[in-house]
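Trainee: my_file_2.csv is reproduced in full below (CSV, C-alpha atoms).
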```csv
chain,number,residue,atom,x,y,z
V,1,MET,CA,31.6,-3.9,4.1
V,2,ILE,CA,32.1,-0.2,4.9
V,3,THR,CA,34.8,0.5,7.5
V,4,ILE,CA,35.2,4.0,8.9
V,5,ALA,CA,38.7,4.5,10.4
V,6,ARG,CA,39.0,5.7,14.0
V,7,ASP,CA,40.4,9.1,13.0
V,8,GLU,CA,37.7,9.5,10.4
V,9,GLU,CA,34.5,11.4,11.0
V,10,VAL,CA,31.3,11.0,9.1
V,11,VAL,CA,30.2,14.5,8.0
V,12,LEU,CA,27.3,13.7,5.8
V,13,GLU,CA,25.3,10.8,4.4
V,14,ILE,CA,23.7,11.5,1.1
V,15,ARG,CA,20.7,9.3,0.1
V,16,HIS,CA,18.1,9.6,-2.6
V,17,HIS,CA,15.1,11.8,-1.8
V,18,TRP,CA,12.2,10.1,0.0
V,19,TYR,CA,10.1,10.8,-3.1
V,20,MET,CA,12.1,8.0,-4.9
V,21,LEU,CA,11.2,5.6,-2.0
V,22,VAL,CA,7.5,6.5,-2.4
V,23,VAL,CA,7.6,6.0,-6.2
V,24,GLN,CA,9.4,2.6,-5.8
V,25,SER,CA,6.9,1.4,-3.2
V,26,PHE,CA,3.8,3.0,-4.6
V,27,PHE,CA,2.4,-0.3,-5.9
V,28,LEU,CA,2.7,-1.7,-2.3
V,29,PHE,CA,0.6,1.1,-1.0
V,30,LEU,CA,-2.0,0.3,-3.6
V,31,PHE,CA,-1.9,-3.4,-2.6
V,32,ILE,CA,-2.8,-2.4,1.0
V,33,LEU,CA,-6.2,-1.5,-0.2
V,34,VAL,CA,-7.0,-5.0,-1.5
V,35,PRO,CA,-8.2,-6.6,1.8
V,36,PHE,CA,-10.2,-3.5,2.5
V,37,SER,CA,-11.9,-3.6,-0.9
V,38,ILE,CA,-12.7,-7.3,-0.4
V,39,SER,CA,-14.2,-6.7,3.0
V,40,GLY,CA,-16.1,-3.7,1.7
V,41,PHE,CA,-17.5,-5.8,-1.2
V,42,LEU,CA,-18.5,-8.7,1.1
V,43,SER,CA,-20.2,-6.4,3.7
V,44,ALA,CA,-22.0,-4.5,0.9
V,45,SER,CA,-23.3,-7.7,-0.8
V,46,ASN,CA,-25.9,-10.0,0.6
V,47,PHE,CA,-23.6,-12.9,1.4
V,48,LEU,CA,-24.2,-14.9,4.5
V,49,ILE,CA,-20.9,-14.3,6.3
V,50,ASP,CA,-20.2,-16.9,9.0
V,51,ALA,CA,-17.4,-16.9,11.6
V,52,LYS,CA,-15.2,-19.2,9.5
V,53,ILE,CA,-15.1,-16.9,6.6
V,54,VAL,CA,-14.2,-14.0,8.9
V,55,GLU,CA,-11.4,-16.0,10.5
V,56,LEU,CA,-10.1,-17.1,7.1
V,57,PHE,CA,-10.3,-13.5,5.9
V,58,VAL,CA,-8.4,-12.2,8.9
V,59,PHE,CA,-5.7,-14.8,8.4
V,60,SER,CA,-5.4,-14.0,4.7
V,61,ALA,CA,-5.3,-10.2,5.3
V,62,ALA,CA,-2.7,-10.5,8.0
V,63,MET,CA,-0.6,-12.7,5.7
V,64,TRP,CA,-1.1,-10.2,2.9
V,65,PHE,CA,0.0,-7.3,5.0
V,66,LEU,CA,3.0,-9.3,6.3
V,67,LEU,CA,4.1,-10.0,2.7
V,68,LEU,CA,3.7,-6.3,1.8
V,69,TRP,CA,5.7,-5.4,5.0
V,70,ILE,CA,8.6,-7.6,3.9
V,71,GLY,CA,8.3,-6.3,0.4
V,72,PHE,CA,8.5,-2.7,1.7
V,73,PHE,CA,11.6,-3.5,3.7
V,74,VAL,CA,13.3,-5.1,0.7
V,75,ILE,CA,12.7,-1.9,-1.2
V,76,TRP,CA,13.7,0.3,1.8
V,77,THR,CA,16.9,-1.6,2.3
V,78,SER,CA,18.0,-1.0,-1.3
V,79,TYR,CA,17.1,2.6,-0.9
V,80,TYR,CA,18.8,3.0,2.4
V,81,LEU,CA,22.1,1.3,1.4
V,82,ASP,CA,22.4,3.3,-1.8
V,83,VAL,CA,24.3,6.1,-0.2
V,84,TRP,CA,27.3,8.4,-0.4
V,85,ILE,CA,29.1,8.7,2.9
V,86,VAL,CA,31.1,11.9,3.2
V,87,THR,CA,33.9,11.8,5.8
V,88,ASN,CA,36.5,14.4,6.6
V,89,LYS,CA,38.9,12.5,4.3
V,90,ARG,CA,37.0,10.8,1.5
V,91,VAL,CA,33.6,10.0,-0.1
V,92,ILE,CA,32.5,6.4,-0.1
V,93,ALA,CA,30.0,6.0,-2.9
V,94,VAL,CA,27.8,2.9,-2.5
V,95,GLU,CA,25.6,2.0,-5.4
V,96,GLN,CA,23.0,-0.5,-4.3
V,97,ARG,CA,21.3,-1.6,-7.5
V,98,SER,CA,19.2,-4.3,-5.9
V,99,LEU,CA,19.5,-6.4,-2.8
V,100,PHE,CA,22.2,-8.6,-4.3
V,101,SER,CA,23.9,-6.1,-6.6
V,102,ARG,CA,26.1,-3.3,-5.2
V,103,GLU,CA,29.2,-1.4,-6.1
V,104,ILE,CA,31.4,0.5,-3.7
V,105,SER,CA,33.9,3.1,-4.9
V,106,GLU,CA,35.6,5.9,-3.0
V,107,PHE,CA,37.5,9.0,-3.8
V,108,TRP,CA,39.7,11.2,-1.6
V,109,LEU,CA,38.5,14.7,-1.0
V,110,GLU,CA,41.8,16.2,-2.2
V,111,LYS,CA,41.2,14.5,-5.6
V,112,ILE,CA,38.0,16.5,-6.2
V,113,GLN,CA,38.2,18.9,-9.2
V,114,ASP,CA,34.6,20.0,-9.5
V,115,VAL,CA,31.2,19.4,-8.0
V,116,SER,CA,28.1,20.2,-9.9
V,117,VAL,CA,24.4,20.0,-9.3
V,118,GLU,CA,21.6,19.3,-11.8
V,119,MET,CA,17.9,19.7,-11.3
V,120,HIS,CA,15.5,18.9,-14.0
V,121,GLY,CA,11.7,18.8,-14.0
V,122,LEU,CA,8.8,20.2,-12.0
V,123,ILE,CA,8.7,17.7,-9.1
V,124,PRO,CA,12.5,17.8,-8.5
V,125,THR,CA,12.3,21.6,-8.4
V,126,LEU,CA,9.3,21.6,-6.0
V,127,LEU,CA,10.7,19.0,-3.7
V,128,HIS,CA,14.3,20.3,-4.0
V,129,PHE,CA,16.1,17.2,-5.2
V,130,GLY,CA,18.5,16.7,-8.1
V,131,ASN,CA,21.7,15.0,-9.2
V,132,LEU,CA,25.1,15.6,-7.7
V,133,ARG,CA,28.1,15.1,-9.9
V,134,VAL,CA,31.7,15.0,-8.7
V,135,GLN,CA,34.6,15.3,-11.0
V,136,THR,CA,37.8,13.9,-9.7
V,137,ALA,CA,41.5,13.6,-10.8
V,138,SER,CA,41.5,9.9,-10.0
V,139,GLU,CA,41.1,7.0,-12.5
V,140,ALA,CA,37.4,6.8,-12.2
V,141,ARG,CA,36.9,10.4,-13.3
V,142,HIS,CA,33.4,11.2,-12.3
V,143,PHE,CA,30.8,10.1,-9.8
V,144,ILE,CA,27.2,10.8,-9.8
V,145,ILE,CA,24.3,10.3,-7.3
V,146,ARG,CA,20.9,10.9,-8.6
V,147,ASN,CA,17.8,12.4,-7.0
V,148,VAL,CA,19.3,13.6,-3.7
V,149,PRO,CA,17.6,16.1,-1.5
V,150,TYR,CA,19.0,19.6,-1.4
V,151,PRO,CA,22.0,18.8,-3.6
V,152,GLU,CA,23.4,22.4,-3.3
V,153,ARG,CA,23.8,21.9,0.5
V,154,ALA,CA,25.6,18.6,-0.1
V,155,LYS,CA,27.8,20.4,-2.7
V,156,GLU,CA,28.7,23.1,-0.2
V,157,ILE,CA,29.6,20.6,2.5
V,158,ILE,CA,31.8,18.6,0.1
V,159,PHE,CA,33.5,21.8,-1.1
V,160,LYS,CA,34.1,23.0,2.4
V,161,LYS,CA,35.7,19.7,3.5
V,162,HIS,CA,37.7,19.7,0.3
V,163,GLU,CA,39.0,23.2,1.0
V,164,GLU,CA,39.9,22.3,4.6
V,165,ILE,CA,42.0,19.4,3.4
V,166,MET,CA,43.7,21.5,0.7
V,167,LYS,CA,44.5,24.2,3.3
V,168,ARG,CA,46.1,21.5,5.6
V,169,THR,CA,48.0,19.8,2.8
V,170,THR,CA,49.2,22.8,0.8
V,171,PRO,CA,52.1,24.6,2.4
V,172,SER,CA,51.6,28.3,2.9
V,173,VAL,CA,54.0,30.7,1.1
R,1,MET,CA,-24.2,-18.4,-23.5
R,2,GLN,CA,-23.6,-16.0,-20.6
R,3,ARG,CA,-24.8,-16.8,-17.1
R,4,ASN,CA,-25.1,-14.3,-14.3
R,5,ILE,CA,-23.6,-15.4,-11.0
R,6,SER,CA,-26.2,-15.3,-8.3
R,7,VAL,CA,-25.7,-14.8,-4.6
R,8,ALA,CA,-26.5,-18.5,-4.1
R,9,ASP,CA,-23.7,-19.5,-6.5
R,10,ALA,CA,-21.2,-17.3,-4.7
R,11,GLU,CA,-22.3,-18.8,-1.3
R,12,ARG,CA,-21.9,-22.3,-2.7
R,13,PHE,CA,-18.4,-21.4,-4.0
R,14,LEU,CA,-17.5,-20.0,-0.5
R,15,LYS,CA,-18.7,-23.2,1.2
R,16,ASP,CA,-16.7,-25.4,-1.2
R,17,PHE,CA,-13.7,-23.1,-0.6
R,18,LEU,CA,-14.0,-23.4,3.2
R,19,ASN,CA,-14.3,-27.2,2.8
R,20,PHE,CA,-11.1,-27.2,0.8
R,21,VAL,CA,-9.1,-24.9,3.2
R,22,ASN,CA,-9.2,-27.2,6.2
R,23,PRO,CA,-7.2,-26.5,9.3
R,24,PRO,CA,-4.1,-28.6,8.3
R,25,ILE,CA,-3.9,-26.7,5.0
R,26,LEU,CA,-4.2,-23.4,6.9
R,27,PHE,CA,-1.4,-24.4,9.3
R,28,ALA,CA,0.7,-25.6,6.4
R,29,ILE,CA,0.3,-22.1,4.8
R,30,PHE,CA,1.2,-20.6,8.1
R,31,GLY,CA,4.4,-22.7,8.3
R,32,LEU,CA,5.3,-21.8,4.7
R,33,MET,CA,4.8,-18.1,5.5
R,34,ALA,CA,7.0,-18.5,8.6
R,35,LEU,CA,9.7,-20.1,6.5
R,36,CYS,CA,9.6,-17.4,3.9
R,37,PHE,CA,9.7,-14.7,6.6
R,38,ALA,CA,12.7,-16.4,8.2
R,39,VAL,CA,14.6,-16.5,4.9
R,40,ALA,CA,13.7,-12.9,4.0
R,41,SER,CA,14.6,-11.6,7.5
R,42,MET,CA,18.0,-13.4,7.4
R,43,ILE,CA,18.8,-11.7,4.1
R,44,LEU,CA,17.6,-8.3,5.4
R,45,VAL,CA,19.4,-8.5,8.7
R,46,TYR,CA,22.6,-9.7,6.9
R,47,HIS,CA,22.5,-6.6,4.8
R,48,TRP,CA,21.8,-4.2,7.7
R,49,LYS,CA,24.5,-5.7,9.8
R,50,ASN,CA,27.2,-5.8,7.1
R,51,TYR,CA,26.5,-2.8,5.0
R,52,ASP,CA,25.5,-0.1,7.4
R,53,PHE,CA,28.0,1.3,9.8
R,54,ASN,CA,25.4,3.0,12.1
R,55,ARG,CA,24.6,0.2,14.6
R,56,ALA,CA,22.2,2.2,16.8
R,57,ARG,CA,20.1,3.2,13.8
R,58,ILE,CA,19.9,-0.3,12.4
R,59,LYS,CA,18.9,-1.7,15.8
R,60,LYS,CA,15.8,0.6,15.8
R,61,VAL,CA,15.0,-0.5,12.3
R,62,GLN,CA,15.2,-4.1,13.3
R,63,THR,CA,13.0,-3.5,16.3
R,64,VAL,CA,10.3,-1.9,14.2
R,65,TYR,CA,10.5,-4.6,11.5
R,66,PHE,CA,10.3,-7.5,13.9
R,67,THR,CA,7.7,-6.0,16.2
R,68,VAL,CA,5.2,-5.3,13.4
R,69,SER,CA,5.9,-8.7,11.8
R,70,GLY,CA,5.3,-10.3,15.2
R,71,ILE,CA,1.9,-8.5,15.4
R,72,PHE,CA,1.0,-9.9,11.9
R,73,PHE,CA,2.1,-13.4,12.9
R,74,PHE,CA,0.1,-13.1,16.2
R,75,VAL,CA,-3.1,-12.2,14.3
R,76,MET,CA,-2.5,-15.0,11.8
R,77,SER,CA,-2.0,-17.6,14.5
R,78,ILE,CA,-5.1,-16.5,16.5
R,79,ALA,CA,-7.2,-16.6,13.3
R,80,ALA,CA,-5.8,-20.0,12.4
R,81,VAL,CA,-6.5,-21.4,15.9
R,82,LEU,CA,-10.0,-20.0,15.9
R,83,TYR,CA,-10.6,-21.4,12.5
R,84,ALA,CA,-9.4,-24.9,13.6
R,85,LEU,CA,-11.7,-25.0,16.7
```
What is this structure when it is put down as structure tokens?
Mentor:
Amino acid sequence: MITIARDEEVVLEIRHHWYMLVVQSFFLFLFILVPFSISGFLSASNFLIDAKIVELFVFSAAMWFLLLWIGFFVIWTSYYLDVWIVTNKRVIAVEQRSLFSREISEFWLEKIQDVSVEMHGLIPTLLHFGNLRVQTASEARHFIIRNVPYPERAKEIIFKKHEEIMKRTTPSV
Amino acid sequence: MQRNISVADAERFLKDFLNFVNPPILFAIFGLMALCFAVASMILVYHWKNYDFNRARIKKVQTVYFTVSGIFFFVMSIAAVLYAL
């Protein structure tokens, strides 16, 4: 469970780009077409379609869409809970591998040594998403979140918050 | 030897299929689906409530999820009742 302290403010939530959600749920979008193709086939053919067949078809189609709807939310939940939460004190990195597999780690902003951004490929460049890597002085030395939208902006915000903390904690000469 | 499926064959198959899927079977499928939905929803809601700190946002997600699911269940139940009549 993620607990944000009262004196802590959430500055940014970094999730994967929506493109990743579309890729993961692409087969579900294709499966939406199945009932439409069946109904198209039935109406195009010379079958005698009575009311019972229509009722059974509507029942099956609704059940099919419901299954796809649940499937989509299972994918969406894994996508949504895989997040980096940047607060004014720390970064909470939640890696949601699947619905029942997750890893939560965190690092304090003052421990950050370097933040870098990587963008590889045509689609990431066009849609502005890439990897964000943070190097820290803590035991778990580097953290990475892949395929995040506008990683440069996230980098800037993390840097800004890091600088604010360093100004506060470092005594001026 | 290959045999082409005629329209009459397909219609016979559909009639046999309709005889097989009688109303009790359809309602059993409905019940099974409701059970699967309940289990899946419990798992999803557990994740949303425990692993997201933004309660307002998750409430909206729950509303959308349950409203659309409710519509599908409503359509399924109407179709099942009409089929049973």
Trainee: What are the nearest atom pairs, with distances in Å to one decimal, for all residues of chain R that come at most 7 Å from chain V, using all atoms listed in the file, set out by chain and rising residue number as a Markdown table?
Mentor:
```
| residue | atom | partner | partner_atom | distance |
| --- | --- | --- | --- | --- |
| R:Val7 | CA | V:Phe47 | CA | 6.6 |
| R:Glu11 | CA | V:Phe47 | CA | 6.6 |
| R:Asn50 | CA | V:Met1 | CA | 5.7 |
| R:Tyr51 | CA | V:Met1 | CA | 5.3 |
| R:Phe53 | CA | V:Ile2 | CA | 6.6 |
| R:Ser69 | CA | V:Leu66 | CA | 6.2 |
| R:Phe72 | CA | V:Ala62 | CA | 5.4 |
| R:Val75 | CA | V:Ala62 | CA | 6.5 |
| R:Met76 | CA | V:Phe59 | CA | 4.7 |
| R:Ala79 | CA | V:Glu55 | CA | 5.1 |
| R:Ala80 | CA | V:Phe59 | CA | 6.6 |
| R:Leu82 | CA | V:Glu55 | CA | 6.9 |
| R:Tyr83 | CA | V:Glu55 | CA | 5.8 |
```
Trainee: Would you write out those residues with C-alpha atoms, as a PDB file, in the coordinates of the input?
Mentor:
```
ATOM      1  CA  VAL R   7     -25.700 -14.800  -4.600  1.00  0.00           C
ATOM      2  CA  GLU R  11     -22.300 -18.800  -1.300  1.00  0.00           C
ATOM      3  CA  ASN R  50      27.200  -5.800   7.100  1.00  0.00           C
ATOM      4  CA  TYR R  51      26.500  -2.800   5.000  1.00  0.00           C
ATOM      5  CA  PHE R  53      28.000   1.300   9.800  1.00  0.00           C
ATOM      6  CA  SER R  69       5.900  -8.700  11.800  1.00  0.00           C
ATOM      7  CA  PHE R  72       1.000  -9.900  11.900  1.00  0.00           C
ATOM      8  CA  VAL R  75      -3.100 -12.200  14.300  1.00  0.00           C
ATOM      9  CA  MET R  76      -2.500 -15.000  11.800  1.00  0.00           C
ATOM     10  CA  ALA R  79      -7.200 -16.600  13.300  1.00  0.00           C
ATOM     11  CA  ALA R  80      -5.800 -20.000  12.400  1.00  0.00           C
ATOM     12  CA  LEU R  82     -10.000 -20.000  15.900  1.00  0.00           C
ATOM     13  CA  TYR R  83     -10.600 -21.400  12.500  1.00  0.00           C
TER      14      TYR R  83
END
```
Trainee: How many Å lie between CA of Phe74 (chain R) and CA of Leu68 (chain V), rounded to one decimal?
Mentor: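 Interatomic distance, CA of Phe74 (chain R) to CA of Leu68 (chain V): 16.3 Å.
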Trainee: Excluding same-chain residues fewer than 4 positions from Glu156 (chain V), what lies within 12 Å of it counting only C-alpha atoms, as a list in words?
Mentor: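 Returned residues: Val11, Leu12, Val86, Asp114, Val115, Ser116, Val117, Leu132, Tyr150, Pro151, Glu152, Lys160, Lys161, His162 and Glu163 of chain V.
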Trainee: Measure the distance from CA of Arg90 (chain V) to CA of Glu8 (chain V) in Å and round it to one decimal.
Mentor: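 Between these atoms lies a distance of 9.0 Å.
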Trainee: So what do you get for CA of Gln135 (chain V) versus CA of Gln113 (chain V), distance-wise?
Mentor: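 So the two atoms, CA of Gln135 (chain V) and CA of Gln113 (chain V), lie 5.4 Å apart.
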Trainee: Neighbours of His17 (chain V) within 12 Å (only C-alpha atoms; same-chain residues fewer than 2 positions away dropped), as a PyMOL selection string?
Mentor: chain V and resi 13-15+19-24+79-80+82-83+123-124+127-131+145-151
Trainee: Take the residues that were just selected and, keeping C-alpha atoms, output them as a compact mmCIF listing (two decimals), in the coordinates of the input.
Mentor:
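Result file is selection.txt:
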```txt
# COMPACT_ATOMS: atom_id res chain seq x y z
CA GLU V 13 25.30 10.80 4.40
CA ILE V 14 23.70 11.50 1.10
CA ARG V 15 20.70 9.30 0.10
CA TYR V 19 10.10 10.80 -3.10
CA MET V 20 12.10 8.00 -4.90
CA LEU V 21 11.20 5.60 -2.00
CA VAL V 22 7.50 6.50 -2.40
CA VAL V 23 7.60 6.00 -6.20
CA GLN V 24 9.40 2.60 -5.80
CA TYR V 79 17.10 2.60 -0.90
CA TYR V 80 18.80 3.00 2.40
CA ASP V 82 22.40 3.30 -1.80
CA VAL V 83 24.30 6.10 -0.20
CA ILE V 123 8.70 17.70 -9.10
CA PRO V 124 12.50 17.80 -8.50
CA LEU V 127 10.70 19.00 -3.70
CA HIS V 128 14.30 20.30 -4.00
CA PHE V 129 16.10 17.20 -5.20
CA GLY V 130 18.50 16.70 -8.10
CA ASN V 131 21.70 15.00 -9.20
CA ILE V 145 24.30 10.30 -7.30
CA ARG V 146 20.90 10.90 -8.60
CA ASN V 147 17.80 12.40 -7.00
CA VAL V 148 19.30 13.60 -3.70
CA PRO V 149 17.60 16.10 -1.50
CA TYR V 150 19.00 19.60 -1.40
CA PRO V 151 22.00 18.80 -3.60
```
Trainee: Excluding Phe107 (chain V) and its own-chain neighbours fewer than 3 positions away, which residues fall within 9 Å of it when counting all atoms listed in the file? Please give them as a compact mmCIF listing (two decimals) with C-alpha atoms, in the coordinates of the input.
Mentor:
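The result, stored in result_37.txt:
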```txt
# COMPACT_ATOMS: atom_id res chain seq x y z
CA LYS V 89 38.90 12.50 4.30
CA ARG V 90 37.00 10.80 1.50
CA VAL V 91 33.60 10.00 -0.10
CA ILE V 92 32.50 6.40 -0.10
CA ALA V 93 30.00 6.00 -2.90
CA GLU V 110 41.80 16.20 -2.20
CA LYS V 111 41.20 14.50 -5.60
CA ILE V 112 38.00 16.50 -6.20
CA THR V 136 37.80 13.90 -9.70
CA SER V 138 41.50 9.90 -10.00
CA ALA V 140 37.40 6.80 -12.20
```
Trainee: Within 7 Å of (6.4, -1.2, -0.5) in the file's own coordinates, which protein, DNA or RNA residues have an atom, counting only C-alpha atoms? List them as number ranges by chain.
Mentor: V: 25-29, 68-69, 71-72, 75
Trainee: Can you take region 5-36 of chain R from the block and write N, CA and C atoms as a PDB file, in the first residue's frame?
Mentor:
```pdb
ATOM      1  N   ILE R   5     -20.952 -27.676 -47.477  1.00  0.00           N
ATOM      2  CA  ILE R   5     -22.025 -27.456 -46.505  1.00  0.00           C
ATOM      3  C   ILE R   5     -23.083 -26.567 -47.154  1.00  0.00           C
ATOM      4  N   SER R   6     -24.292 -27.081 -47.202  1.00  0.00           N
ATOM      5  CA  SER R   6     -25.359 -26.298 -47.825  1.00  0.00           C
ATOM      6  C   SER R   6     -26.049 -25.433 -46.774  1.00  0.00           C
ATOM      7  N   VAL R   7     -26.887 -24.528 -47.242  1.00  0.00           N
ATOM      8  CA  VAL R   7     -27.654 -23.665 -46.336  1.00  0.00           C
ATOM      9  C   VAL R   7     -28.560 -24.521 -45.457  1.00  0.00           C
ATOM     10  N   ALA R   8     -29.114 -25.584 -46.043  1.00  0.00           N
ATOM     11  CA  ALA R   8     -30.004 -26.465 -45.278  1.00  0.00           C
ATOM     12  C   ALA R   8     -29.255 -27.142 -44.135  1.00  0.00           C
ATOM     13  N   ASP R   9     -28.007 -27.549 -44.412  1.00  0.00           N
ATOM     14  CA  ASP R   9     -27.173 -28.166 -43.361  1.00  0.00           C
ATOM     15  C   ASP R   9     -26.952 -27.186 -42.208  1.00  0.00           C
ATOM     16  N   ALA R  10     -26.618 -25.967 -42.600  1.00  0.00           N
ATOM     17  CA  ALA R  10     -26.339 -24.938 -41.597  1.00  0.00           C
ATOM     18  C   ALA R  10     -27.580 -24.649 -40.765  1.00  0.00           C
ATOM     19  N   GLU R  11     -28.728 -24.617 -41.438  1.00  0.00           N
ATOM     20  CA  GLU R  11     -29.986 -24.359 -40.713  1.00  0.00           C
ATOM     21  C   GLU R  11     -30.313 -25.512 -39.766  1.00  0.00           C
ATOM     22  N   ARG R  12     -30.048 -26.735 -40.214  1.00  0.00           N
ATOM     23  CA  ARG R  12     -30.275 -27.908 -39.355  1.00  0.00           C
ATOM     24  C   ARG R  12     -29.373 -27.839 -38.120  1.00  0.00           C
ATOM     25  N   PHE R  13     -28.125 -27.438 -38.368  1.00  0.00           N
ATOM     26  CA  PHE R  13     -27.172 -27.308 -37.254  1.00  0.00           C
ATOM     27  C   PHE R  13     -27.669 -26.264 -36.248  1.00  0.00           C
ATOM     28  N   LEU R  14     -28.147 -25.128 -36.776  1.00  0.00           N
ATOM     29  CA  LEU R  14     -28.639 -24.062 -35.899  1.00  0.00           C
ATOM     30  C   LEU R  14     -29.836 -24.533 -35.077  1.00  0.00           C
ATOM     31  N   LYS R  15     -30.726 -25.321 -35.701  1.00  0.00           N
ATOM     32  CA  LYS R  15     -31.903 -25.835 -34.994  1.00  0.00           C
ATOM     33  C   LYS R  15     -31.483 -26.783 -33.874  1.00  0.00           C
ATOM     34  N   ASP R  16     -30.529 -27.670 -34.187  1.00  0.00           N
ATOM     35  CA  ASP R  16     -30.011 -28.592 -33.164  1.00  0.00           C
ATOM     36  C   ASP R  16     -29.365 -27.820 -32.018  1.00  0.00           C
ATOM     37  N   PHE R  17     -28.645 -26.777 -32.421  1.00  0.00           N
ATOM     38  CA  PHE R  17     -27.962 -25.950 -31.427  1.00  0.00           C
ATOM     39  C   PHE R  17     -28.965 -25.270 -30.493  1.00  0.00           C
ATOM     40  N   LEU R  18     -30.047 -24.748 -31.109  1.00  0.00           N
ATOM     41  CA  LEU R  18     -31.083 -24.077 -30.310  1.00  0.00           C
ATOM     42  C   LEU R  18     -31.778 -25.067 -29.378  1.00  0.00           C
ATOM     43  N   ASN R  19     -31.957 -26.311 -29.846  1.00  0.00           N
ATOM     44  CA  ASN R  19     -32.559 -27.326 -28.990  1.00  0.00           C
ATOM     45  C   ASN R  19     -31.655 -27.653 -27.804  1.00  0.00           C
ATOM     46  N   PHE R  20     -30.334 -27.616 -28.088  1.00  0.00           N
ATOM     47  CA  PHE R  20     -29.362 -27.921 -27.034  1.00  0.00           C
ATOM     48  C   PHE R  20     -29.324 -26.794 -25.990  1.00  0.00           C
ATOM     49  N   VAL R  21     -29.253 -25.557 -26.493  1.00  0.00           N
ATOM     50  CA  VAL R  21     -29.194 -24.412 -25.562  1.00  0.00           C
ATOM     51  C   VAL R  21     -30.625 -24.077 -25.122  1.00  0.00           C
ATOM     52  N   ASN R  22     -31.097 -24.842 -24.174  1.00  0.00           N
ATOM     53  CA  ASN R  22     -32.440 -24.546 -23.659  1.00  0.00           C
ATOM     54  C   ASN R  22     -32.343 -23.468 -22.571  1.00  0.00           C
ATOM     55  N   PRO R  23     -33.458 -22.874 -22.154  1.00  0.00           N
ATOM     56  CA  PRO R  23     -33.403 -21.780 -21.178  1.00  0.00           C
ATOM     57  C   PRO R  23     -32.629 -22.095 -19.890  1.00  0.00           C
ATOM     58  N   PRO R  24     -32.791 -23.299 -19.277  1.00  0.00           N
ATOM     59  CA  PRO R  24     -31.985 -23.558 -18.057  1.00  0.00           C
ATOM     60  C   PRO R  24     -30.481 -23.467 -18.309  1.00  0.00           C
ATOM     61  N   ILE R  25     -30.048 -23.939 -19.465  1.00  0.00           N
ATOM     62  CA  ILE R  25     -28.607 -23.860 -19.778  1.00  0.00           C
ATOM     63  C   ILE R  25     -28.186 -22.396 -19.920  1.00  0.00           C
ATOM     64  N   LEU R  26     -29.052 -21.615 -20.576  1.00  0.00           N
ATOM     65  CA  LEU R  26     -28.736 -20.192 -20.765  1.00  0.00           C
ATOM     66  C   LEU R  26     -28.647 -19.466 -19.420  1.00  0.00           C
ATOM     67  N   PHE R  27     -29.581 -19.787 -18.510  1.00  0.00           N
ATOM     68  CA  PHE R  27     -29.544 -19.137 -17.194  1.00  0.00           C
ATOM     69  C   PHE R  27     -28.346 -19.624 -16.376  1.00  0.00           C
ATOM     70  N   ALA R  28     -27.950 -20.875 -16.592  1.00  0.00           N
ATOM     71  CA  ALA R  28     -26.749 -21.378 -15.906  1.00  0.00           C
ATOM     72  C   ALA R  28     -25.515 -20.628 -16.400  1.00  0.00           C
ATOM     73  N   ILE R  29     -25.461 -20.389 -17.711  1.00  0.00           N
ATOM     74  CA  ILE R  29     -24.334 -19.624 -18.280  1.00  0.00           C
ATOM     75  C   ILE R  29     -24.337 -18.203 -17.702  1.00  0.00           C
ATOM     76  N   PHE R  30     -25.538 -17.637 -17.605  1.00  0.00           N
ATOM     77  CA  PHE R  30     -25.687 -16.289 -17.032  1.00  0.00           C
ATOM     78  C   PHE R  30     -25.147 -16.270 -15.597  1.00  0.00           C
ATOM     79  N   GLY R  31     -25.528 -17.287 -14.816  1.00  0.00           N
ATOM     80  CA  GLY R  31     -25.080 -17.366 -13.416  1.00  0.00           C
ATOM     81  C   GLY R  31     -23.574 -17.516 -13.317  1.00  0.00           C
ATOM     82  N   LEU R  32     -23.015 -18.329 -14.192  1.00  0.00           N
ATOM     83  CA  LEU R  32     -21.565 -18.544 -14.207  1.00  0.00           C
ATOM     84  C   LEU R  32     -20.839 -17.247 -14.552  1.00  0.00           C
ATOM     85  N   MET R  33     -21.421 -16.529 -15.503  1.00  0.00           N
ATOM     86  CA  MET R  33     -20.832 -15.249 -15.923  1.00  0.00           C
ATOM     87  C   MET R  33     -20.887 -14.245 -14.763  1.00  0.00           C
ATOM     88  N   ALA R  34     -22.024 -14.252 -14.050  1.00  0.00           N
ATOM     89  CA  ALA R  34     -22.170 -13.339 -12.912  1.00  0.00           C
ATOM     90  C   ALA R  34     -21.139 -13.670 -11.830  1.00  0.00           C
ATOM     91  N   LEU R  35     -20.883 -14.948 -11.635  1.00  0.00           N
ATOM     92  CA  LEU R  35     -19.899 -15.380 -10.639  1.00  0.00           C
ATOM     93  C   LEU R  35     -18.491 -14.932 -11.052  1.00  0.00           C
ATOM     94  N   CYS R  36     -18.166 -15.160 -12.326  1.00  0.00           N
ATOM     95  CA  CYS R  36     -16.848 -14.737 -12.842  1.00  0.00           C
ATOM     96  C   CYS R  36     -16.682 -13.223 -12.699  1.00  0.00           C
TER      97      CYS R  36
END
```
